[in-house]
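The file entry-v2.tsv comes next; it holds TSV, C-alpha atoms.
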chain	number	residue	atom	x	y	z
A	1	MET	CA	98.06	92.98	81.19
A	2	ALA	CA	101.65	91.87	81.61
A	3	ASP	CA	102.43	90.67	85.10
A	4	VAL	CA	105.10	91.62	87.59
A	5	GLU	CA	107.96	89.12	87.41
A	6	GLN	CA	111.27	88.74	89.16
A	7	ASN	CA	114.62	87.13	88.38
A	8	VAL	CA	114.37	87.00	84.59
A	9	ALA	CA	117.70	86.48	82.89
A	10	VAL	CA	117.44	88.34	79.59
A	11	PRO	CA	119.66	87.32	76.65
A	12	ASP	CA	121.91	89.97	75.16
A	13	ALA	CA	121.93	91.09	71.53
A	14	ALA	CA	124.05	88.11	70.48
A	15	GLY	CA	121.57	85.67	71.95
A	16	ASN	CA	123.77	84.70	74.90
A	17	GLY	CA	122.47	84.44	78.41
A	18	SER	CA	120.68	81.99	80.63
A	19	ASP	CA	117.10	80.90	80.25
A	20	ALA	CA	114.33	82.84	81.95
A	21	VAL	CA	113.83	81.41	85.40
A	22	ASN	CA	111.65	82.06	88.41
A	23	GLY	CA	112.74	83.33	91.76
A	24	THR	CA	113.25	79.91	93.36
A	25	ALA	CA	115.22	78.22	90.59
A	26	GLY	CA	117.39	81.09	89.34
A	27	ARG	CA	121.13	80.71	88.92
A	28	PHE	CA	121.65	84.09	90.52
A	29	VAL	CA	120.30	84.94	93.98
A	30	SER	CA	120.05	88.68	94.27
A	31	SER	CA	121.07	90.48	97.42
A	32	PRO	CA	118.40	92.15	99.56
A	33	GLU	CA	119.82	95.53	98.57
A	34	GLY	CA	119.73	94.66	94.86
A	35	THR	CA	116.15	93.39	95.14
A	36	ALA	CA	115.01	96.50	97.02
A	37	LEU	CA	116.71	98.75	94.46
A	38	ALA	CA	115.07	96.92	91.55
A	39	TYR	CA	111.57	96.98	93.05
A	40	GLY	CA	111.88	100.59	94.17
A	41	SER	CA	113.10	101.65	90.73
A	42	LEU	CA	110.24	99.84	88.99
A	43	LEU	CA	107.73	101.56	91.27
A	44	PHE	CA	109.32	104.97	90.68
A	45	MET	CA	109.46	104.46	86.90
A	46	ALA	CA	105.81	103.37	86.86
A	47	LEU	CA	104.74	106.57	88.63
A	48	LEU	CA	106.49	108.92	86.18
A	49	PRO	CA	104.31	108.28	83.08
A	50	ILE	CA	101.13	108.18	85.16
A	51	PHE	CA	101.79	111.51	86.87
A	52	PHE	CA	103.10	113.45	83.89
A	53	GLY	CA	100.84	111.69	81.38
A	54	ALA	CA	97.80	112.62	83.45
A	55	LEU	CA	98.88	116.26	83.64
A	56	ARG	CA	99.49	116.35	79.88
A	57	SER	CA	96.10	114.70	79.24
A	58	VAL	CA	94.36	117.81	80.61
A	59	GLY	CA	96.00	120.04	78.00
A	60	CYS	CA	95.67	117.33	75.36
A	61	SER	CA	91.88	117.28	75.76
A	62	LYS	CA	91.81	120.99	74.82
A	63	SER	CA	94.32	120.75	71.96
A	64	LYS	CA	93.38	121.47	68.34
A	65	ASN	CA	96.58	119.93	66.97
A	66	ALA	CA	95.74	116.74	65.09
A	67	SER	CA	98.88	114.98	66.35
A	68	ASP	CA	97.89	115.68	69.98
A	69	MET	CA	94.23	114.75	69.58
A	70	PRO	CA	93.24	112.09	72.14
A	71	GLU	CA	91.58	108.78	71.27
A	72	THR	CA	88.36	108.38	73.25
A	73	ILE	CA	87.48	104.93	74.63
A	74	THR	CA	83.75	104.23	74.86
A	75	SER	CA	81.97	101.59	76.93
A	76	ARG	CA	81.69	99.37	73.83
A	77	ASP	CA	85.44	99.65	73.24
A	78	ALA	CA	86.08	98.86	76.91
A	79	ALA	CA	83.89	95.73	76.81
A	80	ARG	CA	85.63	94.44	73.67
A	81	PHE	CA	89.16	95.17	74.82
A	82	PRO	CA	89.73	92.12	77.10
A	83	ILE	CA	88.54	89.80	74.29
A	84	ILE	CA	90.80	91.45	71.71
A	85	ALA	CA	93.72	91.43	74.17
A	86	SER	CA	93.16	87.72	74.90
A	87	CYS	CA	93.14	86.83	71.21
A	88	THR	CA	96.30	88.87	70.62
A	89	LEU	CA	98.08	87.35	73.61
A	90	PHE	CA	97.20	83.77	72.66
A	91	GLY	CA	98.13	84.47	69.04
A	92	LEU	CA	101.58	85.66	70.12
A	93	TYR	CA	101.93	82.59	72.32
A	94	LEU	CA	101.22	80.31	69.34
A	95	PHE	CA	103.62	82.27	67.14
A	96	PHE	CA	106.41	81.79	69.66
A	97	LYS	CA	105.60	78.08	69.90
A	98	ILE	CA	105.44	77.47	66.13
A	99	PHE	CA	107.97	79.87	64.61
A	100	SER	CA	111.53	80.77	65.47
A	101	GLN	CA	111.65	83.23	68.35
A	102	GLU	CA	114.68	84.91	66.77
A	103	TYR	CA	112.88	85.93	63.56
A	104	ILE	CA	109.71	87.03	65.35
A	105	ASN	CA	111.68	89.29	67.67
A	106	LEU	CA	113.64	90.68	64.71
A	107	LEU	CA	110.39	91.80	63.06
A	108	LEU	CA	109.06	93.15	66.35
A	109	SER	CA	112.32	95.04	66.94
A	110	MET	CA	112.00	96.90	63.65
A	111	TYR	CA	108.32	97.65	64.28
A	112	PHE	CA	108.95	99.01	67.77
A	113	PHE	CA	112.06	100.81	66.53
A	114	VAL	CA	109.83	103.09	64.43
A	115	LEU	CA	107.08	103.40	67.04
A	116	GLY	CA	109.59	104.03	69.80
A	117	ILE	CA	111.29	106.87	67.93
A	118	LEU	CA	107.95	108.59	67.32
A	119	ALA	CA	106.77	108.06	70.90
A	120	LEU	CA	110.02	109.31	72.43
A	121	SER	CA	110.02	112.35	70.10
A	122	HIS	CA	106.50	113.25	71.19
A	123	THR	CA	107.46	112.79	74.85
A	124	MET	CA	110.51	115.04	74.54
A	125	SER	CA	108.75	117.79	72.58
A	126	PRO	CA	107.49	119.93	75.55
A	127	PHE	CA	110.92	119.76	77.18
A	128	MET	CA	112.62	120.77	73.94
A	129	CYS	CA	110.32	123.78	73.65
A	130	ARG	CA	111.64	125.05	76.98
A	131	VAL	CA	115.36	124.52	76.37
A	132	PHE	CA	115.51	125.44	72.69
A	133	PRO	CA	117.65	128.61	72.35
A	134	ALA	CA	115.57	131.64	71.42
A	135	ASN	CA	118.29	132.97	69.10
A	136	LEU	CA	118.19	129.89	66.86
A	137	PRO	CA	115.72	129.92	63.94
A	138	ASN	CA	112.79	127.54	64.40
A	139	LYS	CA	111.64	126.80	60.87
A	140	GLN	CA	108.23	125.33	60.14
A	141	TYR	CA	107.72	122.27	57.91
A	142	GLN	CA	104.72	120.40	56.59
A	143	LEU	CA	104.42	116.82	55.38
A	144	LEU	CA	101.41	116.53	53.10
A	145	PHE	CA	100.12	113.51	51.17
A	146	THR	CA	96.95	113.83	49.09
A	147	GLN	CA	94.89	111.53	46.95
A	148	GLY	CA	93.08	112.50	43.75
A	149	SER	CA	93.01	115.91	42.12
A	150	GLY	CA	90.78	118.94	41.80
A	151	GLU	CA	87.64	118.91	43.90
A	152	SER	CA	88.03	115.20	44.63
A	153	LYS	CA	91.43	115.70	46.28
A	154	GLU	CA	91.54	114.46	49.85
A	155	GLU	CA	94.28	114.59	52.46
A	156	ILE	CA	95.85	111.31	53.54
A	157	VAL	CA	98.57	112.76	55.76
A	158	ASN	CA	98.92	116.37	56.89
A	159	TYR	CA	101.61	116.69	59.55
A	160	GLU	CA	103.16	119.99	60.62
A	161	PHE	CA	106.46	120.08	62.49
A	162	ASP	CA	109.41	122.41	63.14
A	163	THR	CA	113.13	122.41	63.87
A	164	LYS	CA	112.57	121.45	67.51
A	165	ASP	CA	110.65	118.37	66.41
A	166	LEU	CA	113.50	117.39	64.08
A	167	ILE	CA	116.00	117.65	66.95
A	168	CYS	CA	113.76	115.42	69.11
A	169	LEU	CA	113.51	112.97	66.21
A	170	GLY	CA	117.30	112.90	65.86
A	171	ILE	CA	117.89	112.21	69.55
A	172	SER	CA	115.19	109.54	69.57
A	173	SER	CA	116.75	107.89	66.51
A	174	VAL	CA	120.04	107.53	68.39
A	175	VAL	CA	118.20	105.77	71.22
A	176	GLY	CA	116.42	103.61	68.65
A	177	VAL	CA	119.67	102.47	67.02
A	178	TRP	CA	121.11	101.77	70.47
A	179	TYR	CA	118.09	99.63	71.32
A	180	VAL	CA	118.12	97.65	68.05
A	181	LEU	CA	121.87	96.94	68.20
A	182	LYS	CA	122.34	96.29	71.90
A	183	LYS	CA	118.86	95.64	73.36
A	184	HIS	CA	120.18	97.47	76.41
A	185	TRP	CA	117.77	97.70	79.33
A	186	ILE	CA	118.16	101.48	79.61
A	187	ALA	CA	117.18	101.97	75.95
A	188	ASN	CA	114.28	99.56	76.52
A	189	ASN	CA	113.10	101.62	79.48
A	190	LEU	CA	113.36	104.93	77.60
A	191	PHE	CA	111.07	103.56	74.91
A	192	GLY	CA	108.82	101.88	77.48
A	193	LEU	CA	108.39	105.08	79.48
A	194	ALA	CA	107.63	107.00	76.28
A	195	PHE	CA	104.98	104.44	75.25
A	196	ALA	CA	103.40	104.54	78.70
A	197	LEU	CA	103.35	108.34	78.93
A	198	ASN	CA	101.84	108.69	75.46
A	199	GLY	CA	99.24	106.06	76.31
A	200	VAL	CA	98.15	107.84	79.49
A	201	GLU	CA	98.14	111.20	77.70
A	202	LEU	CA	96.37	110.25	74.48
A	203	LEU	CA	93.95	107.46	75.51
A	204	HIS	CA	90.91	109.02	77.18
A	205	LEU	CA	88.05	107.21	78.90
A	206	ASN	CA	84.77	108.99	78.18
A	207	ASN	CA	83.41	108.44	81.70
A	208	VAL	CA	84.00	106.64	84.99
A	209	SER	CA	81.59	103.81	84.13
A	210	THR	CA	83.65	103.02	81.02
A	211	GLY	CA	86.76	102.99	83.20
A	212	CYS	CA	85.15	100.52	85.59
A	213	ILE	CA	84.15	98.26	82.67
A	214	LEU	CA	87.65	98.36	81.21
A	215	LEU	CA	89.48	97.77	84.49
A	216	GLY	CA	87.00	95.11	85.56
A	217	GLY	CA	87.35	93.20	82.30
A	218	LEU	CA	91.13	93.39	82.35
A	219	PHE	CA	91.13	92.35	86.01
A	220	VAL	CA	89.57	89.02	84.96
A	221	TYR	CA	91.83	88.84	81.90
A	222	ASP	CA	95.00	89.34	83.94
A	223	VAL	CA	94.09	86.84	86.66
A	224	PHE	CA	93.09	84.15	84.15
A	225	TRP	CA	96.14	84.39	81.90
A	226	VAL	CA	98.62	84.51	84.79
A	227	PHE	CA	97.13	82.03	87.28
A	228	GLY	CA	95.14	79.87	84.87
A	229	THR	CA	97.82	79.31	82.20
A	230	ASN	CA	101.50	79.90	81.51
A	231	VAL	CA	100.67	81.98	78.43
A	232	MET	CA	101.21	85.45	79.93
A	233	VAL	CA	104.53	84.65	81.58
A	234	THR	CA	105.80	82.80	78.47
A	235	VAL	CA	105.00	85.69	76.14
A	236	ALA	CA	106.41	88.28	78.54
A	237	LYS	CA	109.72	86.42	78.75
A	238	SER	CA	109.91	85.66	75.00
A	239	PHE	CA	108.79	89.06	73.72
A	240	GLU	CA	111.91	91.15	73.14
A	241	ALA	CA	110.25	94.52	72.73
A	242	PRO	CA	109.91	97.62	74.94
A	243	ILE	CA	106.47	96.61	76.23
A	244	LYS	CA	107.75	96.26	79.78
A	245	LEU	CA	109.97	98.16	82.18
A	246	VAL	CA	112.92	96.21	83.52
A	247	PHE	CA	115.50	96.83	86.20
A	248	PRO	CA	118.44	94.57	87.11
A	249	GLN	CA	118.55	92.98	90.53
A	250	ASP	CA	122.29	92.40	90.10
A	251	LEU	CA	123.10	96.02	89.27
A	252	LEU	CA	125.20	96.44	92.41
A	253	GLU	CA	127.29	93.40	91.49
A	254	LYS	CA	127.59	93.75	87.70
A	255	GLY	CA	126.89	97.41	86.99
A	256	LEU	CA	125.27	98.37	83.68
A	257	ASP	CA	126.07	94.91	82.24
A	258	ALA	CA	123.62	93.28	84.67
A	259	SER	CA	121.31	90.66	83.19
A	260	ASN	CA	119.00	89.44	85.97
A	261	PHE	CA	115.88	91.56	85.71
A	262	ALA	CA	112.68	92.29	87.56
A	263	MET	CA	110.01	93.52	85.13
A	264	LEU	CA	106.68	95.31	85.03
A	265	GLY	CA	104.39	95.24	82.00
A	266	LEU	CA	103.33	98.56	80.46
A	267	GLY	CA	99.69	97.48	80.65
A	268	ASP	CA	99.95	97.63	84.44
A	269	ILE	CA	100.91	101.29	84.05
A	270	VAL	CA	98.76	102.51	81.17
A	271	ILE	CA	95.44	100.87	82.10
A	272	PRO	CA	95.26	102.23	85.66
A	273	GLY	CA	96.97	105.39	84.40
A	274	ILE	CA	94.21	106.37	81.98
A	275	PHE	CA	91.67	105.93	84.79
A	276	ILE	CA	93.76	108.13	87.12
A	277	ALA	CA	94.07	110.72	84.32
A	278	LEU	CA	90.29	110.69	83.92
A	279	LEU	CA	89.89	111.46	87.62
A	280	LEU	CA	92.31	114.37	87.26
A	281	ARG	CA	90.18	115.81	84.45
A	282	PHE	CA	87.12	115.24	86.65
A	283	ASP	CA	88.87	117.22	89.42
A	284	VAL	CA	89.50	120.03	86.93
A	285	SER	CA	85.83	120.00	85.86
A	286	LEU	CA	84.73	120.53	89.48
A	287	LYS	CA	86.58	123.89	89.45
A	288	LYS	CA	87.41	123.68	93.15
A	289	ASN	CA	91.19	124.13	92.78
A	290	THR	CA	91.72	120.74	94.39
A	291	ARG	CA	93.01	117.47	92.94
A	292	THR	CA	91.51	115.21	95.60
A	293	TYR	CA	90.47	112.32	93.37
A	294	PHE	CA	93.67	112.41	91.37
A	295	TYR	CA	95.93	112.24	94.42
A	296	THR	CA	93.73	109.61	96.05
A	297	SER	CA	93.89	107.33	93.02
A	298	PHE	CA	97.60	108.05	92.59
A	299	LEU	CA	98.30	106.97	96.17
A	300	ALA	CA	96.01	103.97	95.64
A	301	TYR	CA	98.17	102.95	92.68
A	302	ILE	CA	101.30	103.13	94.84
A	303	PHE	CA	99.58	100.99	97.47
A	304	GLY	CA	98.35	98.45	94.89
A	305	LEU	CA	101.69	98.08	93.12
A	306	GLY	CA	103.55	97.90	96.43
A	307	LEU	CA	101.19	95.13	97.55
A	308	THR	CA	101.80	93.30	94.26
A	309	ILE	CA	105.56	93.40	94.77
A	310	PHE	CA	105.22	92.28	98.39
A	311	VAL	CA	103.05	89.26	97.48
A	312	MET	CA	105.32	88.32	94.56
A	313	HIS	CA	108.42	88.50	96.73
A	314	THR	CA	106.75	86.51	99.50
A	315	PHE	CA	105.39	83.67	97.35
A	316	LYS	CA	108.15	83.73	94.69
A	317	HIS	CA	105.60	83.64	91.85
A	318	ALA	CA	104.67	86.09	89.07
A	319	GLN	CA	101.63	88.16	90.03
A	320	PRO	CA	98.87	89.72	87.90
A	321	ALA	CA	99.34	93.30	89.02
A	322	LEU	CA	95.79	94.31	88.05
A	323	LEU	CA	94.52	91.89	90.70
A	324	TYR	CA	95.70	94.42	93.27
A	325	LEU	CA	95.68	97.64	91.25
A	326	VAL	CA	92.08	97.56	90.04
A	327	PRO	CA	90.39	97.29	93.47
A	328	ALA	CA	92.72	99.98	94.85
A	329	CYS	CA	92.48	102.47	91.98
A	330	VAL	CA	88.71	102.13	91.62
A	331	GLY	CA	87.76	101.46	95.23
A	332	PHE	CA	89.53	104.32	96.99
A	333	PRO	CA	88.20	107.16	94.75
A	334	VAL	CA	84.67	105.70	94.76
A	335	LEU	CA	84.68	105.47	98.57
A	336	LEU	CA	85.96	109.04	98.75
A	337	ALA	CA	83.20	110.25	96.41
A	338	LEU	CA	80.64	108.39	98.51
A	339	PHE	CA	81.99	110.01	101.66
A	340	LYS	CA	81.93	113.50	100.07
A	341	GLY	CA	78.47	113.02	98.53
A	342	GLU	CA	79.82	113.39	94.97
A	343	LEU	CA	79.34	109.82	93.75
A	344	THR	CA	76.47	110.70	91.41
A	345	GLU	CA	78.40	113.66	90.05
A	346	MET	CA	81.43	111.46	89.45
A	347	PHE	CA	79.51	108.88	87.44
A	348	ARG	CA	77.65	111.58	85.49
A	349	TYR	CA	80.87	113.22	84.35
A	350	GLU	CA	81.16	112.69	80.61
A	351	GLU	CA	83.87	113.52	78.08
A	352	SER	CA	82.89	113.85	74.44
A	353	SER	CA	85.28	112.73	71.73
A	354	PRO	CA	87.12	115.50	69.84
A	355	GLU	CA	85.08	114.74	66.73
A	356	GLU	CA	81.82	115.25	68.61
A	357	ALA	CA	82.84	118.41	70.44
A	358	PRO	CA	81.57	121.55	68.69
A	359	SER	CA	84.14	124.06	67.54
A	360	LYS	CA	84.09	127.70	68.63
A	361	GLU	CA	82.87	128.70	65.18
A	362	GLU	CA	79.92	126.29	65.42
A	363	VAL	CA	79.01	127.60	68.88
A	364	THR	CA	79.19	131.19	67.61
A	365	GLU	CA	76.97	130.44	64.61
A	366	SER	CA	74.50	128.66	66.85
A	367	ASP	CA	74.33	131.68	69.16
A	368	LYS	CA	73.73	133.98	66.16
A	369	ASP	CA	70.84	131.79	64.97
A	370	LYS	CA	69.24	132.16	68.38

As structure tokens:
Amino acid sequence: MADVEQNVAVPDAAGNGSDAVNGTAGRFVSSPEGTALAYGSLLFMALLPIFFGALRSVGCSKSKNASDMPETITSRDAARFPIIASCTLFGLYLFFKIFSQEYINLLLSMYFFVLGILALSHTMSPFMCRVFPANLPNKQYQLLFTQGSGESKEEIVNYEFDTKDLICLGISSVVGVWYVLKKHWIANNLFGLAFALNGVELLHLNNVSTGCILLGGLFVYDVFWVFGTNVMVTVAKSFEAPIKLVFPQDLLEKGLDASNFAMLGLGDIVIPGIFIALLLRFDVSLKKNTRTYFYTSFLAYIFGLGLTIFVMHTFKHAQPALLYLVPACVGFPVLLALFKGELTEMFRYEESSPEEAPSKEEVTESDKDK
């Protein structure tokens, strides 16, 4: 997925700003304090969606609400994903080479404006439920689109929401307008964190083997596109959309108007994150009131990302984060399971997709037939 990169000068909304440069040729040399603050902030921001997204994925797997229903990734999906991602990445690279970067980013801004508002609204919803005053009326609404009539009528969209959801949507819209008009790095990060948290929460691996296939395939993908070509770095620097977290290395010198950014792609958060979330659900399935595999993989992620940042800072070159994250996030939990004698149990753990899982009514009827 997107790599970890340092010293990227990002243009402002008017198109001003220096060209993207690497750490050795940049116009601005960040202070050690500014660099440490940027790297530490990226690491902290990366941990937030993984931790809270994993916790929310446990409740999400039991939800009956259509909007909270997770998307299950099978082994076939996992095997195809690196190929699809490679085609998409190279396609974007060609688009940026052939067409005007300004118009492409304008279209992408509008697309991610809508997606970002919805993602941020969904992220804020549990918090809003806690702070919403009890004395205010919380009215229920339903958005329903159907096709046909009579017995042939079928639902196209059936979305239920309430006043709290509308408030979340309003706040998110303000952030969206801020992002479109200013492209400010804080607005970018709010959307990026929302995308990452929703990804970890709603994308579910069906078993550990599928996770190993997905992470293994993207390990090769990441290494090839970063070390083998300039495609990944070019797209990451050209793509003005909240698909990466950024933090200024010159924040101490320039404040909120800083423009020299270190960045971390959302793929380096979501892909390991959905594997860590799977291990948390595996912990829950063991019913031992421990979260051993979750905390082990979570600490492994911190170690892997920290190692990525250290190598990047040492060699002054963009690094494919999955090169370090995949061995850490997969290796540590597997070694722990081997040590505890639970390796077979770990790889036998299976999650069925929501469509395949029988409802309570079906289970009851089956019991009656017996």

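For the residues A:Phe132, A:Phe195, A:Phe99, A:Tyr301, ranking by smallest atom-to-atom distance to Phe275 (chain A) using all atoms listed in the file places A:Tyr301 first.
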
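The coordinates place CA of Leu144 (chain A) at 8.5 Å from CA of Glu160 (chain A).
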
Distance criterion (only C-alpha atoms): nearest to Leu37 (chain A) out of A:Gly217, A:Gly59, A:Pro248, A:Pro70: A:Pro248

Nearby residues (all atoms listed in the file) at most 10 Å from Thr308 (chain A), same-chain spacing under 2 positions excluded, as a ChimeraX atom specification: /A:3-4,302-306,310-314,318-325

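Distances here use all atoms listed in the file; by that measure, the residue among A:Val326, A:Leu202, A:Ala38, A:Leu169 closest to Asn260 (chain A) is A:Ala38.
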
Atomic separation - CA of Pro49 (chain A) relative to CA of Glu33 (chain A), Å: 25.4 Å

Selection: 9 Å around region 282-297 of chain A, all atoms listed in the file, excl. self and same-chain fewer than 3 positions, as a list in words: Ala54, Val58, Phe275, Ile276, Ala277, Leu278, Leu279, Ala300, Tyr301, Ile302, Ala328, Cys329, Val330, Gly331, Phe332, Pro333, Val334, Leu336, Ala337, Met346, Tyr349 and Glu350 of chain A

Completion of region 179-199 of chain A up to N, CA, C and O atoms, as a compact mmCIF listing (two decimals), in the frame of the given file:
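Printed below is result_34.txt as written:
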# COMPACT_ATOMS: atom_id res chain seq x y z
N TYR A 179 118.96 100.73 70.90
CA TYR A 179 118.09 99.63 71.32
C TYR A 179 118.17 98.45 70.35
O TYR A 179 118.29 97.29 70.77
N VAL A 180 118.10 98.73 69.05
CA VAL A 180 118.12 97.65 68.05
C VAL A 180 119.44 96.88 68.09
O VAL A 180 119.46 95.65 68.01
N LEU A 181 120.56 97.59 68.24
CA LEU A 181 121.87 96.94 68.20
C LEU A 181 122.23 96.22 69.49
O LEU A 181 122.80 95.12 69.47
N LYS A 182 121.88 96.83 70.62
CA LYS A 182 122.34 96.29 71.90
C LYS A 182 121.22 95.68 72.76
O LYS A 182 121.52 94.90 73.68
N LYS A 183 119.98 96.06 72.50
CA LYS A 183 118.86 95.64 73.36
C LYS A 183 119.15 95.98 74.83
O LYS A 183 118.80 95.22 75.74
N HIS A 184 119.80 97.10 75.05
CA HIS A 184 120.18 97.47 76.41
C HIS A 184 118.94 97.83 77.22
O HIS A 184 117.99 98.42 76.71
N TRP A 185 118.96 97.49 78.49
CA TRP A 185 117.77 97.70 79.33
C TRP A 185 117.45 99.18 79.53
O TRP A 185 116.27 99.54 79.70
N ILE A 186 118.45 100.05 79.48
CA ILE A 186 118.16 101.48 79.61
C ILE A 186 117.43 102.00 78.38
O ILE A 186 116.45 102.75 78.49
N ALA A 187 117.88 101.59 77.18
CA ALA A 187 117.18 101.97 75.95
C ALA A 187 115.76 101.41 75.95
O ALA A 187 114.81 102.08 75.53
N ASN A 188 115.61 100.16 76.42
CA ASN A 188 114.28 99.56 76.52
C ASN A 188 113.37 100.40 77.42
O ASN A 188 112.21 100.66 77.09
N ASN A 189 113.92 100.85 78.54
CA ASN A 189 113.10 101.62 79.48
C ASN A 189 112.76 103.01 78.95
O ASN A 189 111.68 103.54 79.23
N LEU A 190 113.67 103.62 78.20
CA LEU A 190 113.36 104.93 77.60
C LEU A 190 112.18 104.82 76.65
O LEU A 190 111.27 105.66 76.67
N PHE A 191 112.20 103.78 75.81
CA PHE A 191 111.07 103.56 74.91
C PHE A 191 109.81 103.18 75.69
O PHE A 191 108.71 103.65 75.39
N GLY A 192 109.97 102.32 76.69
CA GLY A 192 108.82 101.88 77.48
C GLY A 192 108.15 103.03 78.20
O GLY A 192 106.92 103.14 78.21
N LEU A 193 108.94 103.91 78.80
CA LEU A 193 108.39 105.08 79.48
C LEU A 193 107.68 106.01 78.50
O LEU A 193 106.63 106.58 78.82
N ALA A 194 108.26 106.15 77.30
CA ALA A 194 107.63 107.00 76.28
C ALA A 194 106.29 106.41 75.84
O ALA A 194 105.30 107.14 75.70
N PHE A 195 106.24 105.09 75.62
CA PHE A 195 104.98 104.44 75.25
C PHE A 195 103.93 104.64 76.33
O PHE A 195 102.76 104.95 76.05
N ALA A 196 104.34 104.43 77.58
CA ALA A 196 103.40 104.54 78.70
C ALA A 196 102.87 105.96 78.85
O ALA A 196 101.67 106.18 79.03
N LEU A 197 103.78 106.94 78.78
CA LEU A 197 103.35 108.34 78.93
C LEU A 197 102.41 108.75 77.81
O LEU A 197 101.38 109.41 78.06
N ASN A 198 102.73 108.36 76.58
CA ASN A 198 101.84 108.69 75.46
C ASN A 198 100.49 108.00 75.60
O ASN A 198 99.46 108.57 75.23
N GLY A 199 100.50 106.77 76.11
CA GLY A 199 99.24 106.06 76.31
C GLY A 199 98.34 106.76 77.31
O GLY A 199 97.15 106.95 77.07
